[in-house]
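K.L.:
I'd like to ask you about the structure that follows.
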Amino acid sequence: MRRFTLVSAAVLFSLALGASPLLATTKKKVQLICPLDGAEVTGWEIGSTNTFGGADSDFCPYARGDQPRDFSVSSCSSCLFSGTPGEFKQTFTGEKKKQLDALLATFREQLPAEERVKIDAALGWELAAACQGALGAPSDLQAHYLSNAAWCVRDAILDRLFERMAVPFQDDSVVKKVRASLAERGFEANEEVERLYAEEYRRLCCVEMEKKQSEREGGPVQLQDLEVIQWRHRLGDAAAVDALFRRMERRPAGGEADRLGTLKAQILRERSYLDKAAQALEHHLASSAEDDPNRALAAYLAAEWRRRIGDETAAAAGMRLVLELPRVDRGLLVWAEFQAQRLGAVGRVPKEKREALLLAELARLAKDLLEPRRSGMAAVPLTDHAKAGRLRDPAILQKVLAGARHPDHDVRWFTIGVLKWVDDPSVREELMRVLREDPDRGAKWGAIEALGRVGDFSCVPLLFDFLRASRGQVEKDEHALADAIKALERFTNHALARRDYFEGNELAEHVNKWLALWEQHRAWTEEEWMKDGFAQAGCDLAALDKPAAIPRLIDAMGKHPWPCGFNANLRLQRLTGQNFDGTGEGRVEWFTWEIFKGGGEERRVIKSWEDWWKMHSAAPGEKPGAPADATGQNGGGKK
């Protein structure tokens with residue numbers, strides 16, 4: 001299963017880096033020489049692609065624009081040798097050449113010469129899988145090729161329909177409906193369950209379409225009827241698809257009767273490829289070691305393909321195997337539970353096992369983070385876990401912290417990128433050590449950026465030390481100085497200029513202004529800095545820790561978003577136990593940081609606080625209680 005793993009990891013890493021909305025599938029023609037008979041073959045070389053079209057439950061990915069799988073293999077029209085451009089560079093002699101030619105002869109007998117010049121992508125992948133099998137390639141690689149053959153057929157079946165089947169996440173009502181539907185089935189909202197949203201949205205839409213279809217029962221087959229089949233097919237509900245075909249074939253012939261027959265033939269062709277791919281993976285599972293790290297993925301895909309071809313008994317057994325394996329990725333586990341529930345196979349995995357799997361996964365990632373060749377790939381999922389507040393186990397956190405002292409520069413850099421999402425005193429101490437002691441400029445800059453998110457007032461003297469040491473080399477440390485000033489704005493509640501960024505001489509002057517301010521008020525406590533910052537912004541708050549300050553803090557959020565609005569929001573969370581910005585229990589303040597630095601959500605947060613205060617304002621001197629807030633969260637503020 002190495003091929004599947006590498007593809008998935010590459011996609012995750014590219015998404016973490018941030019894909020450009022302008023990115024599309026690009027390709028160029030290349031001339032290849034067939035290694036079997038020396039004929040010249042025109043092929044394609046893929047330059048770039050994207051994943052903006054989402055994916056199906058068997059992880060079939062879709063790009064906006066051309067699908068790269070349609071151009072990834074080429075076929076020789078004379079002998080039918082097929083493969084990727086790299087596989088055309090092989091050389092074959094003796095017995096291997098005879099074996100390949102004998103295998104391909106069976107395909108040539110079935111395919112007339114005039115049809116060999118227009119081999120479609122699906123057949124090209126099938127031929128490539130056969131060639132790899134004859135050359136002794138592992139069965140999981142053959143499964144990969146056969147699944148691509150099936151997905152090429154699926155592209156033709158859906159006929160770009162997937163672009164209308166994506167979840168419109170901008171519409172909160174849709175997301176709430178999908179979340180509620182999943183919650184009814186025991187899937188509470190979290191980052192893993194969000195992967196099911198698109199699938200559940202399609203299912204809900206399909207139910208609505210089938211209700212409308214029942215109104216057309218008895219009439220001729222229409223285009224909308226074909227779309228219902230396409231939607232059910234993308235969901236992989238083989239029994240439902242077959243039932244729809246039987247019902248429609250009994251209806252009067254209409255303008256879409258021919259297309260109905262074509263659609264059925266395409267679906268049967270896709271199933272035949274999935275059947276072969278599942279057999280290849282099942283062979284791989286039978287021969288792979290119990291501790292194979294990709295065993296769970298192989299078991300899931302084999303079971304999912306069995307479900308998609310209608311063999312629900314084998315599919316249920318396969319999903320049970322995934323849920324029973326000791327080593328399963330938590331995201332994959334959610335998919336296996338989801339499909340097992342569809343099949344009526346099992347219930348949810350016990351909480352104890354889920355927590356054990358999380359710890360095992362985090363331990364593996366923390367170990368890989370310290371390996372220079374694996375560090376970058378481990379940092380991507382570790383960052384997701386850190387954002388979700390899962391790096392709480394002291395032993396795991398200590399392993400991650402060790403990366404900040406690693407001799408390899410890249411390991412230290414990737415580690416700091418993870419740590420900036422972990423709100424823990426030991427993390428702040430380690431980041432401050434990096435800023436004080438690490439000789440690498442990049443590491444210092446990363447530590448400053450991280451401290452801006454998870455640091456506190458204790459970092460202020462060290463940040464001023466950095467300003468003092470670097471003010472003579474503004475050009476070299478420009479970005480680090482700018483981030484240090486942003487952090488100081490947050491911790492001191494002062495903004496000396498209403499600008500996000502300075503450079504050159506302006507930055508040098510701004511650094512000097514901050515240093516002068518520090519010399520003037522270095523003896524101030526955090527509370528004194530806070531009060532003065534609010535006063536400078538025109539909000540006189542004599543007692544920040546009293547309930548009487550609540551309405552004035554809310555007012556400050558609206559009039560002075562940064563940094564006073566940011567700090568007012570945190571103060572309100574501490575005073576009331578409420579939060580309206582997604583920084584619930586176990587989460588760090590990263591979302592608050594983003595929205596008050598211009599993310600556009602601050603108005604919603606302010607309005608939520610205003611509404612809450614109208615509902616829960618108390619008599620002077622009394623502390624308001626902490627009832628569930630308007631978002632359904634309860635007591636999520638930082639303490």
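Following the order of the structure tokens, first chain is A, next is B, and so on, with residues numbered from 1 inside each chain and ligands from 1 in the order they appear.
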If you run DSSP on the backbone here, which positions in region 15-202 of chain A get alpha helix (DSSP H)? Please write them as a ChimeraX atom specification.
P.N.:
/A:15-17,94-110,121-134,139-158,172-184,197-202
K.L.:
Take the selection from the previous step and output its residues with C-alpha atoms, as a PDB file, in the first residue's frame.
P.N.:
```pdb
ATOM      1  CA  LEU A  15      -3.253  21.446   1.214  1.00  0.00           C
ATOM      2  CA  ALA A  16      -1.417  22.382   4.392  1.00  0.00           C
ATOM      3  CA  LEU A  17       0.850  24.675   2.405  1.00  0.00           C
ATOM      4  CA  GLY A  94      14.556 -12.435 -22.695  1.00  0.00           C
ATOM      5  CA  GLU A  95      11.895 -14.097 -20.565  1.00  0.00           C
ATOM      6  CA  LYS A  96      10.276 -10.873 -19.272  1.00  0.00           C
ATOM      7  CA  LYS A  97       9.706  -9.663 -22.817  1.00  0.00           C
ATOM      8  CA  LYS A  98       8.127 -12.985 -23.797  1.00  0.00           C
ATOM      9  CA  GLN A  99       5.837 -12.972 -20.759  1.00  0.00           C
ATOM     10  CA  LEU A 100       4.657  -9.448 -21.468  1.00  0.00           C
ATOM     11  CA  ASP A 101       4.026 -10.123 -25.145  1.00  0.00           C
ATOM     12  CA  ALA A 102       2.098 -13.315 -24.360  1.00  0.00           C
ATOM     13  CA  LEU A 103      -0.085 -11.478 -21.854  1.00  0.00           C
ATOM     14  CA  LEU A 104      -0.817  -8.583 -24.190  1.00  0.00           C
ATOM     15  CA  ALA A 105      -1.584 -10.980 -27.043  1.00  0.00           C
ATOM     16  CA  THR A 106      -4.790 -11.955 -25.231  1.00  0.00           C
ATOM     17  CA  PHE A 107      -5.843  -8.300 -25.161  1.00  0.00           C
ATOM     18  CA  ARG A 108      -4.920  -7.829 -28.830  1.00  0.00           C
ATOM     19  CA  GLU A 109      -7.148 -10.751 -29.772  1.00  0.00           C
ATOM     20  CA  GLN A 110     -10.119  -9.043 -28.088  1.00  0.00           C
ATOM     21  CA  ALA A 121      -8.020   6.054 -20.015  1.00  0.00           C
ATOM     22  CA  ALA A 122      -9.795   3.269 -18.105  1.00  0.00           C
ATOM     23  CA  LEU A 123      -8.573   0.565 -20.458  1.00  0.00           C
ATOM     24  CA  GLY A 124      -5.119   2.130 -20.400  1.00  0.00           C
ATOM     25  CA  TRP A 125      -4.992   1.726 -16.605  1.00  0.00           C
ATOM     26  CA  GLU A 126      -6.280  -1.862 -16.889  1.00  0.00           C
ATOM     27  CA  LEU A 127      -3.550  -2.693 -19.398  1.00  0.00           C
ATOM     28  CA  ALA A 128      -0.939  -0.970 -17.201  1.00  0.00           C
ATOM     29  CA  ALA A 129      -2.080  -3.075 -14.222  1.00  0.00           C
ATOM     30  CA  ALA A 130      -1.799  -6.229 -16.302  1.00  0.00           C
ATOM     31  CA  CYS A 131       1.713  -5.249 -17.420  1.00  0.00           C
ATOM     32  CA  GLN A 132       2.766  -4.607 -13.846  1.00  0.00           C
ATOM     33  CA  GLY A 133       1.349  -7.960 -12.802  1.00  0.00           C
ATOM     34  CA  ALA A 134       3.339  -9.740 -15.507  1.00  0.00           C
ATOM     35  CA  SER A 139      -0.560  -6.615  -5.652  1.00  0.00           C
ATOM     36  CA  ASP A 140      -1.229  -3.298  -3.893  1.00  0.00           C
ATOM     37  CA  LEU A 141       0.289  -1.422  -6.857  1.00  0.00           C
ATOM     38  CA  GLN A 142      -1.948  -3.391  -9.219  1.00  0.00           C
ATOM     39  CA  ALA A 143      -4.920  -2.416  -7.025  1.00  0.00           C
ATOM     40  CA  HIS A 144      -3.894   1.219  -7.330  1.00  0.00           C
ATOM     41  CA  TYR A 145      -3.878   0.989 -11.137  1.00  0.00           C
ATOM     42  CA  LEU A 146      -7.199  -0.865 -11.271  1.00  0.00           C
ATOM     43  CA  SER A 147      -8.861   1.639  -8.951  1.00  0.00           C
ATOM     44  CA  ASN A 148      -7.739   4.420 -11.287  1.00  0.00           C
ATOM     45  CA  ALA A 149      -9.347   2.509 -14.159  1.00  0.00           C
ATOM     46  CA  ALA A 150     -12.608   2.417 -12.175  1.00  0.00           C
ATOM     47  CA  TRP A 151     -12.344   6.110 -11.307  1.00  0.00           C
ATOM     48  CA  CYS A 152     -11.847   7.040 -14.970  1.00  0.00           C
ATOM     49  CA  VAL A 153     -15.142   5.300 -15.748  1.00  0.00           C
ATOM     50  CA  ARG A 154     -16.745   7.096 -12.786  1.00  0.00           C
ATOM     51  CA  ASP A 155     -15.623  10.428 -14.251  1.00  0.00           C
ATOM     52  CA  ALA A 156     -17.639   9.640 -17.361  1.00  0.00           C
ATOM     53  CA  ILE A 157     -20.636   8.477 -15.303  1.00  0.00           C
ATOM     54  CA  LEU A 158     -20.771  11.623 -13.199  1.00  0.00           C
ATOM     55  CA  ASP A 172     -24.439  27.818   7.653  1.00  0.00           C
ATOM     56  CA  SER A 173     -27.936  26.322   7.411  1.00  0.00           C
ATOM     57  CA  VAL A 174     -26.639  23.496   5.206  1.00  0.00           C
ATOM     58  CA  VAL A 175     -23.750  22.741   7.555  1.00  0.00           C
ATOM     59  CA  LYS A 176     -26.099  22.746  10.576  1.00  0.00           C
ATOM     60  CA  LYS A 177     -28.468  20.359   8.799  1.00  0.00           C
ATOM     61  CA  VAL A 178     -25.616  17.995   7.902  1.00  0.00           C
ATOM     62  CA  ARG A 179     -24.140  18.181  11.407  1.00  0.00           C
ATOM     63  CA  ALA A 180     -27.528  17.444  12.976  1.00  0.00           C
ATOM     64  CA  SER A 181     -28.053  14.451  10.700  1.00  0.00           C
ATOM     65  CA  LEU A 182     -24.665  13.004  11.662  1.00  0.00           C
ATOM     66  CA  ALA A 183     -25.267  13.733  15.360  1.00  0.00           C
ATOM     67  CA  GLU A 184     -28.501  11.698  15.229  1.00  0.00           C
ATOM     68  CA  TYR A 197     -19.890  16.374   5.704  1.00  0.00           C
ATOM     69  CA  ALA A 198     -19.742  16.194   1.904  1.00  0.00           C
ATOM     70  CA  GLU A 199     -20.836  12.548   1.926  1.00  0.00           C
ATOM     71  CA  GLU A 200     -23.739  13.203   4.282  1.00  0.00           C
ATOM     72  CA  TYR A 201     -24.774  16.281   2.312  1.00  0.00           C
ATOM     73  CA  ARG A 202     -24.982  14.190  -0.872  1.00  0.00           C
TER      74      ARG A 202
END
```
K.L.:
Mind checking which residues fall within 12 Å of His406 (chain A), counting only C-alpha atoms, ignoring those fewer than 2 positions away in the same chain, and posting them as a list in words?
P.N.:
Leu369, Leu370, Glu371, Pro372, Ser375, Lys399, Val400, Leu401, Ala402, Gly403, Ala404, Asp408, His409, Asp410, Val411, Arg412, Trp413, Phe414, Thr415, Ile416, Val434, Asp438 and Ala443 of chain A
K.L.:
With C-alpha atoms kept, could you save the residues just selected as a CSV table (one decimal), in the first residue's frame?
P.N.:
```csv
chain,number,residue,atom,x,y,z
A,369,LEU,CA,9.1,14.7,13.8
A,370,LEU,CA,12.7,14.0,15.2
A,371,GLU,CA,13.7,12.2,12.0
A,372,PRO,CA,15.1,14.8,9.5
A,375,SER,CA,10.0,15.7,10.0
A,399,LYS,CA,8.8,14.3,22.8
A,400,VAL,CA,7.6,17.1,20.6
A,401,LEU,CA,9.5,19.7,22.6
A,402,ALA,CA,12.7,17.7,22.1
A,403,GLY,CA,12.5,18.7,18.4
A,404,ALA,CA,13.2,22.4,19.4
A,408,ASP,CA,19.0,19.7,12.4
A,409,HIS,CA,17.7,23.2,11.5
A,410,ASP,CA,14.7,21.8,9.6
A,411,VAL,CA,13.6,19.7,12.5
A,412,ARG,CA,13.7,22.7,14.8
A,413,TRP,CA,11.8,24.8,12.3
A,414,PHE,CA,9.0,22.2,11.8
A,415,THR,CA,8.8,21.7,15.6
A,416,ILE,CA,8.3,25.4,16.3
A,434,VAL,CA,14.9,29.3,21.5
A,438,ASP,CA,19.2,29.4,19.3
A,443,ALA,CA,14.4,29.6,14.5
```
K.L.:
Between A:Asp611, A:Glu191, A:Asp37, A:Glu227, single out the one closest to His385 (chain A), counting only C-alpha atoms.
P.N.:
A:Glu191
K.L.:
From the set A:Leu196, A:Cys76, A:Ala298, A:Ala239, which residue has the shortest atom-to-atom contact distance to Glu337 (chain A), counting only C-alpha atoms?
P.N.:
A:Leu196
K.L.:
Which residues are near Gly310 (chain A)? Cut-off 9 Å, only C-alpha atoms, ignore same chain within fewer than 5 positions. Put them as a count of residues only.
P.N.:
7
K.L.:
Show me, as a list of chain:residue names, the residues that have an atom within 9 Å of Ala336 (chain A) when counting only C-alpha atoms, minus same-chain residues fewer than 6 positions from it.
P.N.:
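Those residues are A:Tyr300, A:Glu304, A:Met319, A:Arg320, A:Val322, A:Leu323.
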K.L.:
Which is closest to Leu285 (chain A) among A:Pro138, A:Val241, A:Glu528, A:Arg468, if we use only C-alpha atoms?
P.N.:
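Of A:Pro138, A:Val241, A:Glu528, A:Arg468, the one nearest Leu285 (chain A), counting only C-alpha atoms, is A:Pro138.
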K.L.:
Name all residues at most 9 Å from region 212-223 of chain A (count only C-alpha atoms; drop same-chain ones fewer than 4 positions away) and give them as a ChimeraX atom specification.
P.N.:
/A:207-208,227-228,247-257,260
K.L.:
Write the residues of the preceding selection, restricted to N, CA, C and O atoms, as a compact mmCIF listing (two decimals), in the first residue's frame.
P.N.:
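In the end it all went to out.txt:
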```
# COMPACT_ATOMS: atom_id res chain seq x y z
N VAL A 207 -31.91 11.93 -0.97
CA VAL A 207 -33.22 11.61 -0.40
C VAL A 207 -34.27 12.58 -0.92
O VAL A 207 -35.39 12.17 -1.28
N GLU A 208 -33.92 13.86 -0.97
CA GLU A 208 -34.86 14.87 -1.47
C GLU A 208 -35.17 14.64 -2.95
O GLU A 208 -36.32 14.76 -3.39
N GLU A 227 -30.00 11.60 -13.09
CA GLU A 227 -29.19 12.27 -12.07
C GLU A 227 -29.35 11.59 -10.71
O GLU A 227 -28.39 11.51 -9.95
N VAL A 228 -30.56 11.12 -10.41
CA VAL A 228 -30.75 10.41 -9.14
C VAL A 228 -29.85 9.18 -9.09
O VAL A 228 -29.20 8.90 -8.08
N ARG A 247 -36.75 -0.19 -11.59
CA ARG A 247 -37.98 0.61 -11.66
C ARG A 247 -38.05 1.39 -12.96
O ARG A 247 -39.11 1.47 -13.59
N MET A 248 -36.94 1.96 -13.39
CA MET A 248 -36.97 2.80 -14.59
C MET A 248 -37.10 1.98 -15.87
O MET A 248 -37.67 2.43 -16.85
N GLU A 249 -36.55 0.76 -15.84
CA GLU A 249 -36.65 -0.09 -17.02
C GLU A 249 -38.08 -0.56 -17.25
O GLU A 249 -38.42 -1.00 -18.35
N ARG A 250 -38.94 -0.47 -16.22
CA ARG A 250 -40.35 -0.84 -16.38
C ARG A 250 -41.19 0.34 -16.87
O ARG A 250 -42.36 0.15 -17.20
N ARG A 251 -40.59 1.52 -16.89
CA ARG A 251 -41.34 2.71 -17.30
C ARG A 251 -41.33 2.84 -18.82
O ARG A 251 -40.49 2.25 -19.51
N PRO A 252 -42.26 3.64 -19.39
CA PRO A 252 -42.30 3.82 -20.85
C PRO A 252 -40.99 4.41 -21.36
O PRO A 252 -40.33 5.21 -20.70
N ALA A 253 -40.60 3.97 -22.56
CA ALA A 253 -39.37 4.51 -23.17
C ALA A 253 -39.55 6.00 -23.41
O ALA A 253 -40.58 6.45 -23.88
N GLY A 254 -38.54 6.77 -23.08
CA GLY A 254 -38.58 8.21 -23.29
C GLY A 254 -37.33 8.67 -23.99
O GLY A 254 -36.53 7.87 -24.52
N GLY A 255 -37.12 9.97 -24.00
CA GLY A 255 -35.96 10.53 -24.68
C GLY A 255 -34.64 10.12 -24.06
O GLY A 255 -33.60 10.22 -24.71
N GLU A 256 -34.67 9.66 -22.80
CA GLU A 256 -33.44 9.28 -22.12
C GLU A 256 -33.26 7.77 -22.04
O GLU A 256 -32.40 7.30 -21.30
N ALA A 257 -34.08 7.00 -22.75
CA ALA A 257 -34.00 5.54 -22.65
C ALA A 257 -32.63 5.02 -23.07
O ALA A 257 -32.05 4.13 -22.41
N LEU A 260 -30.10 5.72 -20.51
CA LEU A 260 -30.26 4.85 -19.34
C LEU A 260 -29.47 3.57 -19.54
O LEU A 260 -28.78 3.10 -18.63
```
K.L.:
Contacts of Gly558 (chain A) at 8 Å or less, counting only C-alpha atoms, minus same-chain residues fewer than 3 places along, as a CSV table (one decimal) with C-alpha atoms, in the first residue's frame?
P.N.:
```
chain,number,residue,atom,x,y,z
A,554,ILE,CA,-17.8,45.0,24.9
A,555,ASP,CA,-17.8,48.6,23.8
A,561,PRO,CA,-10.5,45.9,17.4
A,565,GLY,CA,-10.6,44.3,21.1
A,603,ARG,CA,-18.4,41.8,14.2
A,606,ILE,CA,-19.0,41.4,19.2
```
K.L.:
What is the CA of Glu192 (chain A) to CA of Gly331 (chain A) distance in Å?
P.N.:
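Taking CA of Glu192 (chain A) as the start and CA of Gly331 (chain A) as the end point, the length is 5.2 Å.
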K.L.:
What is the distance, in Å and to one decimal place, between CA of Leu570 (chain A) and CA of Phe464 (chain A)?
P.N.:
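Between these atoms lies a distance of 23.4 Å.
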